[in-house]
file input33.cif (mmCIF, C-alpha atoms)
data_input
loop_
_atom_site.label_atom_id
_atom_site.label_comp_id
_atom_site.auth_asym_id
_atom_site.auth_seq_id
_atom_site.Cartn_x
_atom_site.Cartn_y
_atom_site.Cartn_z
CA MET A 61 72.19 99.45 118.66
CA ASP A 62 73.03 102.33 116.39
CA ASP A 63 72.82 100.71 112.99
CA ARG A 64 74.17 103.63 111.04
CA ARG A 65 77.25 103.99 113.20
CA THR A 66 77.90 100.24 113.07
CA ARG A 67 77.74 100.25 109.30
CA PHE A 68 79.99 103.28 109.15
CA GLU A 69 82.51 101.48 111.32
CA ALA A 70 82.36 98.44 109.07
CA GLU A 71 82.39 100.14 105.67
CA VAL A 72 84.31 103.39 106.02
CA LEU A 73 86.62 103.18 109.02
CA PRO A 74 88.74 100.35 107.57
CA HIS A 75 89.97 102.95 105.05
CA LEU A 76 91.31 105.24 107.77
CA ASP A 77 94.94 104.39 107.02
CA ALA A 78 94.44 105.02 103.30
CA ALA A 79 92.82 108.38 104.08
CA TYR A 80 95.73 109.30 106.33
CA ARG A 81 98.31 108.35 103.69
CA PHE A 82 96.40 110.32 101.08
CA ALA A 83 96.46 113.39 103.32
CA ARG A 84 100.19 112.94 103.77
CA TRP A 85 100.64 112.82 99.98
CA LEU A 86 98.71 116.05 99.81
CA ALA A 87 101.75 117.37 101.70
CA TYR A 88 100.28 117.57 105.17
CA SER A 89 102.46 117.21 108.22
CA PRO A 90 101.50 114.22 110.39
CA ALA A 91 99.59 116.47 112.80
CA ASP A 92 97.72 118.36 110.06
CA ALA A 93 96.99 115.10 108.25
CA GLU A 94 95.26 113.83 111.39
CA ASP A 95 93.09 116.96 111.53
CA VAL A 96 92.14 116.74 107.87
CA VAL A 97 91.31 113.05 108.17
CA GLN A 98 89.21 113.55 111.29
CA ASP A 99 87.35 116.37 109.57
CA ALA A 100 86.84 114.20 106.49
CA LEU A 101 85.49 111.28 108.50
CA LEU A 102 82.99 113.50 110.28
CA ARG A 103 81.79 114.79 106.92
CA ALA A 104 81.71 111.26 105.59
CA TYR A 105 79.54 110.23 108.51
CA ARG A 106 77.11 113.07 107.84
CA SER A 107 76.70 112.13 104.18
CA PHE A 108 77.05 108.40 104.74
CA ASP A 109 73.59 107.71 103.29
CA ALA A 110 74.86 108.85 99.89
CA LEU A 111 77.40 106.03 99.76
CA ARG A 112 74.92 103.20 99.18
CA GLY A 113 77.35 100.38 98.83
CA SER A 114 79.55 101.95 96.19
CA ASP A 115 83.33 102.10 96.48
CA ALA A 116 83.76 103.31 100.07
CA LYS A 117 87.50 103.82 99.78
CA ALA A 118 87.37 106.05 96.71
CA TRP A 119 84.39 107.87 98.21
CA LEU A 120 86.28 108.62 101.44
CA LEU A 121 89.35 109.85 99.55
CA VAL A 122 87.15 112.22 97.53
CA ILE A 123 85.99 113.71 100.82
CA VAL A 124 89.57 114.01 102.08
CA ARG A 125 90.42 115.88 98.91
CA ASN A 126 87.44 118.23 99.35
CA CYS A 127 88.49 118.92 102.93
CA HIS A 128 91.97 119.62 101.64
CA PHE A 129 90.63 122.26 99.25
CA THR A 130 88.51 123.88 101.93
CA ALA A 131 91.48 124.03 104.28
CA ALA A 132 93.72 125.41 101.53
CA LYS A 133 91.20 128.15 100.77
CA GLN A 134 90.98 129.09 104.44
CA ARG A 135 94.73 129.26 104.66
CA GLN A 136 94.86 131.48 101.60
CA ARG A 137 92.36 133.85 103.14
CA ARG A 138 94.53 134.11 106.20
CA ALA A 139 97.44 134.59 103.79
CA ALA A 140 99.62 132.46 105.99
CA VAL A 141 100.70 129.30 104.27
CA PRO A 142 102.69 127.22 106.72
CA LEU A 143 105.50 125.17 105.32
CA PRO A 144 104.98 121.45 105.74
CA GLU A 145 106.86 120.25 108.81
CA GLU A 146 108.54 117.49 106.90
CA ILE A 147 110.93 119.86 105.16
CA ASP A 148 113.47 120.05 107.92
CA LEU A 149 117.20 119.97 108.03
CA GLU A 150 117.37 116.22 107.54
CA ASP A 151 115.80 116.50 104.13
CA ASP A 152 118.16 119.20 103.02
CA PRO A 153 119.81 118.09 99.77
CA ALA A 154 123.24 118.96 101.11
CA MET A 155 122.72 116.49 103.95
CA ILE A 156 121.46 113.70 101.73
CA SER A 157 123.99 113.59 98.96
CA GLN A 158 126.69 112.68 101.48
CA ASP A 159 128.48 109.40 101.04
CA PRO A 160 125.82 106.68 101.52
CA GLY A 161 128.24 104.48 103.44
CA PRO A 162 129.12 100.86 102.85
CA GLU A 163 126.31 99.22 104.76
CA ALA A 164 123.23 98.13 102.87
CA ALA A 165 120.88 99.28 105.62
CA THR A 166 122.29 102.79 105.51
CA MET A 167 122.02 102.79 101.76
CA ARG A 168 118.39 101.73 101.82
CA ARG A 169 117.55 104.40 104.35
CA ASP A 170 119.24 107.04 102.25
CA GLU A 171 117.51 105.80 99.16
CA ALA A 172 114.14 105.94 100.84
CA ARG A 173 114.85 109.48 101.95
CA THR A 174 116.00 110.43 98.46
CA LEU A 175 112.90 108.90 96.90
CA GLY A 176 110.67 110.56 99.47
CA ARG A 177 112.20 113.92 98.72
CA LEU A 178 111.93 113.44 94.95
CA ILE A 179 108.27 112.53 95.33
CA ALA A 180 107.66 115.54 97.55
CA ALA A 181 109.15 117.69 94.79
CA LEU A 182 106.61 116.50 92.19
CA PRO A 183 103.63 118.75 91.47
CA GLU A 184 100.70 117.77 93.67
CA ASP A 185 98.49 116.47 90.86
CA GLN A 186 101.27 114.19 89.64
CA ARG A 187 102.26 113.02 93.09
CA THR A 188 98.75 112.05 94.18
CA VAL A 189 98.05 110.14 90.96
CA LEU A 190 101.35 108.26 91.21
CA MET A 191 100.93 107.36 94.87
CA LEU A 192 97.30 106.27 94.46
CA ARG A 193 98.40 103.94 91.68
CA GLU A 194 101.67 102.56 93.01
CA MET A 195 101.15 102.55 96.77
CA GLU A 196 97.38 102.24 97.08
CA GLY A 197 96.93 99.95 94.07
CA MET A 198 93.95 101.90 92.74
CA ASP A 199 92.87 101.61 89.12
CA TYR A 200 92.50 104.45 86.62
CA ALA A 201 88.75 104.79 87.14
CA GLN A 202 89.11 105.11 90.91
CA ILE A 203 91.94 107.63 90.56
CA ALA A 204 89.85 109.63 88.08
CA THR A 205 87.02 109.77 90.63
CA ILE A 206 89.27 110.77 93.51
CA THR A 207 91.19 113.46 91.63
CA ASN A 208 88.12 114.62 89.72
CA ALA A 209 89.89 114.33 86.37
CA PRO A 210 89.12 112.47 83.13
CA ILE A 211 90.86 109.12 82.72
CA GLY A 212 92.99 110.50 79.89
CA THR A 213 94.33 113.15 82.23
CA VAL A 214 95.05 110.52 84.86
CA MET A 215 97.04 108.57 82.30
CA SER A 216 99.13 111.54 81.15
CA ARG A 217 99.80 112.70 84.73
CA LEU A 218 100.86 109.20 85.62
CA ALA A 219 103.19 109.04 82.63
CA ARG A 220 104.68 112.46 83.39
CA SER A 221 105.24 111.72 87.08
CA ARG A 222 106.85 108.38 86.30
CA ALA A 223 109.16 109.88 83.70
CA ALA A 224 110.14 112.76 85.98
CA LEU A 225 110.76 110.53 88.96
CA LYS A 226 112.78 108.07 86.92
CA ALA A 227 114.97 110.79 85.44
CA ARG A 228 115.61 112.49 88.79
CA TRP A 229 116.16 109.26 90.62
CA LEU A 230 118.78 108.20 88.11
CA SER A 231 120.63 111.50 88.25
CA GLU A 232 120.49 111.48 92.09
CA SER A 233 121.87 107.99 92.36
CA LYS A 234 124.88 108.46 90.13
CA GLU A 235 127.15 108.07 93.16
CA SER A 236 125.30 105.02 94.43
CA PRO A 237 124.94 102.75 91.41
CA HIS A 238 122.73 100.20 93.25
CA ALA A 239 119.88 102.61 93.67
CA MET A 240 117.81 101.27 90.80
CA ARG A 241 118.30 97.61 91.67
CA MET B 256 111.18 110.92 70.57
CA GLN B 257 108.63 108.80 72.34
CA CYS B 258 106.87 105.83 70.77
CA ALA B 259 103.22 106.54 70.04
CA GLU B 260 102.29 103.42 71.96
CA SER B 261 103.81 104.59 75.25
CA LEU B 262 100.51 105.49 76.93
CA ARG B 263 98.98 102.21 75.88
CA LEU B 264 102.06 100.43 77.14
CA GLN B 265 101.60 102.13 80.49
CA ALA B 266 97.96 101.01 80.55
CA TYR B 267 99.18 97.49 79.79
CA PHE B 268 101.62 97.70 82.70
CA ASP B 269 98.82 98.90 84.98
CA SER B 270 96.56 95.99 83.91
CA GLU B 271 94.01 98.35 82.42
CA LEU B 272 93.74 96.73 78.98
CA ASP B 273 91.34 94.06 77.83
CA ALA B 274 92.79 90.81 76.56
CA ALA B 275 92.76 91.80 72.88
CA SER B 276 94.54 95.11 73.42
CA ALA B 277 97.01 93.49 75.79
CA HIS B 278 97.83 90.98 73.10
CA GLU B 279 98.44 93.78 70.59
CA VAL B 280 100.80 95.49 73.01
CA GLU B 281 102.67 92.25 73.55
CA ARG B 282 103.16 91.88 69.81
CA HIS B 283 104.31 95.50 69.61
CA LEU B 284 106.84 94.79 72.36
CA ASP B 285 108.39 92.10 70.19
CA HIS B 286 109.81 94.65 67.82
CA CYS B 287 109.90 97.97 69.74
CA VAL B 288 113.07 98.30 71.81
CA GLU B 289 111.97 101.65 73.19
CA CYS B 290 108.78 100.22 74.65
CA ARG B 291 110.64 97.24 76.11
CA ASP B 292 112.96 99.68 77.89
CA LEU B 293 110.01 101.72 79.07
CA LEU B 294 108.27 98.65 80.45
CA ASN B 295 111.44 97.73 82.29
CA ASP B 296 111.70 101.25 83.75
CA LEU B 297 108.08 101.12 84.91
CA LYS B 298 108.78 97.86 86.73
CA LEU B 299 111.98 99.15 88.33
CA LEU B 300 110.24 102.29 89.50
CA ARG B 301 107.27 100.41 90.98
CA ASP B 302 109.53 97.90 92.72
CA GLY B 303 111.72 100.71 94.03
CA LEU B 304 108.79 102.70 95.40
CA ARG B 305 107.19 99.71 97.08
CA ARG B 306 110.49 98.53 98.50
CA GLU B 307 111.80 101.83 99.75
CA LEU B 308 108.91 104.01 100.77
CA PRO B 309 107.67 103.51 104.31
CA ILE B 310 104.02 102.50 104.61
CA GLU B 311 102.43 105.09 106.82
CA ARG B 312 99.52 104.25 109.07
CA ALA B 313 97.17 106.52 110.93
CA PRO B 314 98.26 107.00 114.53
CA GLY B 315 96.64 104.45 116.85
CA ASP B 316 94.40 106.89 118.67
CA LEU B 317 92.99 108.56 115.55
CA ARG B 318 90.34 105.89 115.14
CA ALA B 319 89.15 106.34 118.71
CA ARG B 320 89.07 110.12 118.33
CA VAL B 321 87.06 109.87 115.13
CA LEU B 322 84.53 107.58 116.79
CA ALA B 323 84.28 109.91 119.78
CA ALA B 324 83.65 112.87 117.47
CA ILE B 325 80.93 110.90 115.69
CA ASP B 326 79.28 109.99 118.98
CA ARG B 327 79.23 113.62 120.02
CA GLU B 328 77.70 114.42 116.69
CA ALA B 329 75.00 111.73 116.67
CA SER B 330 71.75 113.58 117.21
CA PRO B 331 68.59 111.94 118.51
CA ALA B 332 66.87 112.77 115.24
CA ARG B 333 69.14 110.70 113.09
CA PRO B 334 67.53 109.18 110.01
CA ARG B 335 66.27 105.64 110.31
CA VAL B 336 67.18 103.01 107.78
CA ARG B 337 64.04 102.13 105.90
CA PRO B 338 63.05 98.50 106.14
CA THR B 339 63.73 96.68 102.90
CA VAL B 340 61.75 93.97 101.22
CA TRP B 341 64.68 91.60 100.99
CA ARG B 342 66.07 90.26 104.21
CA LEU B 343 69.66 91.19 103.73
CA PRO B 344 72.42 90.94 106.29
CA ALA B 345 72.69 94.18 108.25
CA PHE B 346 75.92 95.05 106.52
CA TRP B 347 74.18 95.36 103.18
CA ALA B 348 70.96 96.90 104.38
CA GLY B 349 72.36 100.37 103.82
CA ALA B 350 73.51 99.56 100.34
CA PHE B 351 69.96 99.00 99.20
CA SER B 352 68.13 101.27 101.58
CA GLY B 353 67.65 104.02 99.01
CA LEU B 354 66.65 102.00 96.01
CA GLY B 355 67.28 104.61 93.36
CA GLY B 356 67.34 103.62 89.72
CA ALA B 357 71.05 102.95 89.55
CA ALA B 358 71.12 100.99 92.77
CA ALA B 359 68.16 98.91 91.68
CA ALA B 360 69.71 98.21 88.31
CA ALA B 361 73.01 97.30 89.91
CA ALA B 362 71.29 95.04 92.39
CA LEU B 363 69.32 93.32 89.64
CA ALA B 364 72.39 92.83 87.49
CA TRP B 365 74.11 91.40 90.51
CA PHE B 366 71.43 88.80 91.07
CA LEU B 367 71.25 87.91 87.40
CA ILE B 368 74.93 87.37 86.84
CA LEU B 369 75.88 85.32 89.84
CA PRO B 370 74.66 81.89 90.80
CA ILE B 371 72.09 81.87 93.55
CA GLY B 372 73.69 82.22 96.93
CA SER B 373 76.77 84.01 95.66
CA SER B 374 75.70 87.46 96.77
CA VAL B 375 75.18 86.16 100.28
CA LEU B 376 78.57 84.49 100.07
CA VAL B 377 80.24 87.67 98.84
CA SER B 378 78.73 89.80 101.57
CA GLU B 379 79.72 87.18 104.12
CA LEU B 380 83.31 87.30 102.91
CA VAL B 381 83.48 91.09 102.70
CA ASN B 382 82.02 91.26 106.19
CA ALA B 383 84.58 88.82 107.54
CA HIS B 384 87.40 90.66 105.81
CA VAL B 385 86.34 94.04 107.18
CA HIS B 386 85.87 92.58 110.64
CA SER B 387 89.38 91.17 110.49
CA LEU B 388 90.81 94.65 109.87
CA LEU B 389 89.57 95.89 113.23
CA PRO B 390 92.33 96.09 115.79
CA ASP B 391 93.29 92.69 117.24
CA HIS B 392 90.99 90.67 115.01
CA LEU B 393 93.32 89.92 112.15
CA ILE B 394 95.47 87.07 113.31
CA ALA B 395 95.13 84.19 115.73
CA VAL B 396 98.49 82.65 115.01
CA VAL B 397 101.20 85.16 114.26
CA SER B 398 103.91 83.70 112.17
CA THR B 399 105.84 84.21 109.01
CA ASP B 400 106.68 80.53 108.89
CA ARG B 401 104.40 78.25 106.91
CA HIS B 402 105.50 75.33 109.09
CA THR B 403 103.83 77.07 112.01
CA VAL B 404 100.73 78.36 110.24
CA LYS B 405 99.78 75.22 108.35
CA PRO B 406 99.74 72.78 111.31
CA TRP B 407 97.83 75.35 113.37
CA PHE B 408 94.90 75.00 110.97
CA ALA B 409 94.77 71.25 111.61
CA GLY B 410 93.47 71.94 115.08
CA HIS B 411 91.41 75.05 114.37
CA ALA B 412 89.88 74.71 110.93
CA ASP B 413 88.58 71.74 108.98
CA VAL B 414 90.86 72.28 106.02
CA SER B 415 94.52 72.40 105.19
CA PRO B 416 95.11 75.06 102.56
CA SER B 417 98.29 75.88 100.67
CA VAL B 418 100.44 78.20 102.74
CA ALA B 419 103.75 79.81 101.87
CA ASP B 420 105.61 83.00 102.49
CA PHE B 421 105.97 84.94 99.23
CA GLU B 422 107.94 87.82 100.70
CA ALA B 423 110.39 87.79 97.82
CA GLN B 424 107.46 88.41 95.47
CA GLY B 425 106.03 91.12 97.72
CA TYR B 426 103.45 89.07 99.62
CA LYS B 427 104.56 88.59 103.19
CA LEU B 428 102.90 85.83 105.20
CA ILE B 429 101.91 87.31 108.54
CA GLY B 430 99.67 84.67 110.07
CA GLY B 431 96.38 82.85 110.06
CA ARG B 432 93.08 82.47 111.85
CA ALA B 433 89.93 80.39 111.72
CA ASP B 434 86.63 81.81 110.53
CA THR B 435 83.24 80.60 109.36
CA VAL B 436 82.08 80.68 105.75
CA GLN B 437 78.82 79.14 104.55
CA ASN B 438 78.40 77.62 108.03
CA GLN B 439 81.66 75.75 107.72
CA ARG B 440 84.91 76.26 109.47
CA ALA B 441 87.31 78.01 107.17
CA ALA B 442 91.03 78.63 107.25
CA VAL B 443 92.17 82.18 106.64
CA VAL B 444 95.76 82.85 105.66
CA VAL B 445 96.79 86.49 106.06
CA TYR B 446 99.30 88.22 103.83
CA ARG B 447 100.64 91.75 103.81
CA HIS B 448 101.25 93.44 100.46
CA GLY B 449 102.59 96.94 100.85
CA ALA B 450 100.00 98.78 102.89
CA HIS B 451 97.34 96.20 102.24
CA THR B 452 96.08 93.16 104.06
CA ILE B 453 95.04 90.23 101.91
CA ASN B 454 92.88 87.54 103.50
CA VAL B 455 92.84 84.18 101.72
CA PHE B 456 89.80 82.17 102.83
CA SER B 457 89.50 78.46 102.12
CA TRP B 458 86.75 76.04 103.01
CA ALA B 459 85.60 72.59 101.92
CA SER B 460 82.82 72.76 99.38
CA ASP B 461 80.98 70.15 97.33
CA ARG B 462 79.12 72.87 95.48
CA PRO B 463 80.09 73.95 91.98
CA ALA B 464 83.17 76.14 92.07
CA VAL B 465 82.67 79.86 92.47
CA THR B 466 85.15 81.34 90.05
CA ARG B 467 83.82 84.76 89.16
CA ALA B 468 85.95 87.63 90.39
CA THR B 469 84.00 90.54 91.75
CA THR B 470 84.35 93.88 93.51
CA ARG B 471 82.18 94.97 96.42
CA ASN B 472 82.47 98.20 98.33
CA GLY B 473 86.04 98.80 97.21
CA TYR B 474 87.24 95.29 97.99
CA HIS B 475 88.26 92.92 95.23
CA LEU B 476 87.41 89.24 95.59
CA ASP B 477 88.98 86.55 93.46
CA PHE B 478 87.70 82.98 93.68
CA TRP B 479 89.18 79.69 92.61
CA LYS B 480 88.94 76.03 93.49
CA GLU B 481 91.57 73.37 94.08
CA GLY B 482 90.09 69.89 94.49
CA ASN B 483 87.24 70.27 96.95
CA LEU B 484 88.74 73.38 98.50
CA GLN B 485 87.08 76.64 97.56
CA TYR B 486 89.39 79.63 97.88
CA CYS B 487 88.69 83.34 97.99
CA ALA B 488 91.34 86.07 98.17
CA ILE B 489 90.04 89.47 99.23
CA SER B 490 91.71 92.85 99.67
CA ASP B 491 91.48 96.54 98.85
CA THR B 492 94.71 96.26 96.91
CA GLY B 493 94.64 96.60 93.11
CA TRP B 494 93.37 93.82 90.87
CA ASP B 495 96.76 93.02 89.40
CA GLU B 496 98.33 92.85 92.86
CA LEU B 497 95.60 90.56 94.19
CA GLN B 498 95.81 88.31 91.18
CA GLY B 499 99.57 88.16 91.55
CA LEU B 500 99.10 86.39 94.88
CA VAL B 501 96.37 84.15 93.46
CA ARG B 502 98.73 83.07 90.70
CA LEU B 503 101.46 82.21 93.23
CA LEU B 504 99.03 80.20 95.36
CA ARG B 505 97.69 78.27 92.39
CA GLU B 506 101.20 77.42 91.22
CA LEU B 507 102.02 76.28 94.75
CA ALA B 508 98.93 74.04 94.90
CA GLN B 509 99.87 72.50 91.58
CA ARG B 510 103.37 71.76 92.81
CA GLU B 511 101.98 70.24 96.01
CA ASN B 512 99.57 68.02 94.11
CA SER B 513 101.89 66.80 91.41
CA PRO B 514 103.89 63.66 92.29
CA THR B 515 107.57 64.35 92.73
#
call {"tool": "encode", "arguments": {"input": "input33.cif", "output": "structure tokens"}}
result
Amino acid sequence: MDDRRTRFEAEVLPHLDAAYRFARWLAYSPADAEDVVQDALLRAYRSFDALRGSDAKAWLLVIVRNCHFTAAKQRQRRAAVPLPEEIDLEDDPAMISQDPGPEAATMRRDEARTLGRLIAALPEDQRTVLMLREMEGMDYAQIATITNAPIGTVMSRLARSRAALKARWLSESKESPHAMR
Amino acid sequence: MQCAESLRLQAYFDSELDAASAHEVERHLDHCVECRDLLNDLKLLRDGLRRELPIERAPGDLRARVLAAIDREASPARPRVRPTVWRLPAFWAGAFSGLGGAAAAAALAWFLILPIGSSVLVSELVNAHVHSLLPDHLIAVVSTDRHTVKPWFAGHADVSPSVADFEAQGYKLIGGRADTVQNQRAAVVVYRHGAHTINVFSWASDRPAVTRATTRNGYHLDFWKEGNLQYCAISDTGWDELQGLVRLLRELAQRENSPT
């Protein structure tokens, strides 16, 4: 019956997973990412009439990013910046650089953890651009919209993040020579 | 010392260049070792990321909680969608409800470029794709085996499309279902690419082939025709990724059709 809600379900909600991943790349813990995404979707619903058939996915991610800034400002005012939950003992470098073990499965798990940690160590603007491109498959124009940056900036951030990740990944995987294959 | 072409090479890698510039980069690659190495690194890094990083999904109950929050929010005085002159499917009504200059221009361009009927077709396909992403709507036959998926279509759709698992190339076959396109039964083959679902529709068509690729509402659609089968691949993945699957499917169809 409710036309607006039906359209919202059809056009915006399919991008819920992408919004959640984006929040995670903005360094939110799973629980905080859920809150940010729920907040963003409520806001999206309120301003849904502004979408008018344009790129719903990019539009939703812009709203997630705005919610992220609002939340960050509120946290700053309270002067209590919680550490993301994901940095726990398991991700401690001393734990990871242990012998990866002979089994391929173990090696892949370690590699994923190493990569995840290296990505987490990138500056936020580089990390989001890289993840939007490589994991979300978005093009430069969409990334420029979402990160509110000129396309030239998107390109240089992308180049910097790729170079940094490549260099660190190589130096991390000196003991496990299969890491790049 | 980095080659001055490195940013353009990256754009080439990300499929952001037009054909002429891409050709220039390819010629540059013939004699620049540094750029060849860089291109190789870019590929290794992309493959590594997509292979190793887990694809996160929103927790199952988040969708329900969002909808509940919206329902609480919905006030009785919510704005009505203005009736439009064109009778568009409900899905698109919102897109044209506020016919501002840009929207009107875009809509006009849309109708000028595409053959008559295409815009209805595109909205039909986008609609079907989005519907399929709702929980439990995606797949009727769950299988990663083409020998299961292909015969299933014989009983449920009027066509027998090319089906194969391209997991090695990053496109995992996850199943199929039947749908309706242009009032005909259509076969839909479902692939997973990273975090993305790609639906490949196919239906019998005597009409001229629809071949123009297009983007609607964040979804890319690529069309092609094999014999009398019209295909459309649709996803919110990137253009290059979508076209990668299209290329594999077209090669497969050619192999199937050529005498051995």
call {"tool": "atom_distance", "arguments": {"input": "input33.cif", "atom1": "CA of Ser270 (chain B)", "atom2": "CA of Asp495 (chain B)"}}
result
6.2 Å
call {"tool": "residues_around", "arguments": {"input": "input33.cif", "residues": "Leu293 (chain B)", "least_positions_apart": "3", "cutoff": "12 Å", "atoms": "all atoms listed in the file", "output": "NGL selection string"}}
result
(:A and (219 or 222-223 or 226)) or (:B and (257-258 or 260-265 or 267-268 or 284 or 287-290 or 296-300))
call {"tool": "residues_around", "arguments": {"input": "input33.cif", "residues": "Tyr200 (chain A)", "least_positions_apart": "2", "cutoff": "7 Å", "atoms": "all atoms listed in the file", "output": "list of chain:residue names"}}
result
A:Met198, A:Gln202, A:Ile203, A:Ala204, A:Ile211, A:Val214
call {"tool": "resolve_selection", "arguments": {"input": "input33.cif", "expression": "the PyMOL selection byres ((chain A and resi 181-194) around 8)", "output": "PyMOL selection string"}}
result
(chain A and resi 82+85-86+177-180+195-200+203+207+214+217-218+220-222+225) or (chain B and resi 301+304-305)
call {"tool": "resolve_selection", "arguments": {"input": "input33.cif", "expression": "the PyMOL selection byres ((chain A) within 7 of (chain B))", "output": "list of chain:residue names"}}
result
A:Arg67, A:Ala70, A:Pro74, A:Leu76, A:Asp77, A:Tyr80, A:Arg81, A:Gln98, A:Leu101, A:Leu102, A:Arg112, A:Gly113, A:Ser114, A:Asp115, A:Ala116, A:Lys117, A:Arg168, A:Glu171, A:Ala172, A:Gly176, A:Glu194, A:Met195, A:Glu196, A:Gly197, A:Met198, A:Asp199, A:Lys226, A:Met240
call {"tool": "closest_residue", "arguments": {"input": "input33.cif", "among": "B:His392, B:Arg401, B:Lys427, B:Arg440", "to": "Val414 (chain B)", "atoms": "all atoms listed in the file"}}
result
B:Arg440
call {"tool": "atom_distance", "arguments": {"input": "input33.cif", "atom1": "CA of Leu504 (chain B)", "atom2": "CA of Ser417 (chain B)"}}
result
6.9 Å
call {"tool": "atom_distance", "arguments": {"input": "input33.cif", "atom1": "CA of Tyr426 (chain B)", "atom2": "CA of Ala93 (chain A)"}}
result
28.2 Å
call {"tool": "resolve_selection", "arguments": {"input": "input33.cif", "expression": "the PyMOL selection byres ((chain B and resi 459-468) around 9)", "output": "number ranges by chain"}}
result
B: 369-370, 373, 413-414, 439-441, 457-458, 469-470, 475-480, 483-487
call {"tool": "residues_around", "arguments": {"input": "input33.cif", "residues": "Ala409 (chain B)", "least_positions_apart": "3", "cutoff": "12 Å", "atoms": "all atoms listed in the file", "output": "PyMOL selection string"}}
result
chain B and resi 402-406+412-416+431-433+440-442
call {"tool": "residues_near_point", "arguments": {"input": "input33.cif", "point": "(88.1, 118.0, 104.3)", "cutoff": "12 Å", "atoms": "only C-alpha atoms", "output": "ChimeraX atom specification"}}
result
/A:79-80,82-83,86,92-104,120-134
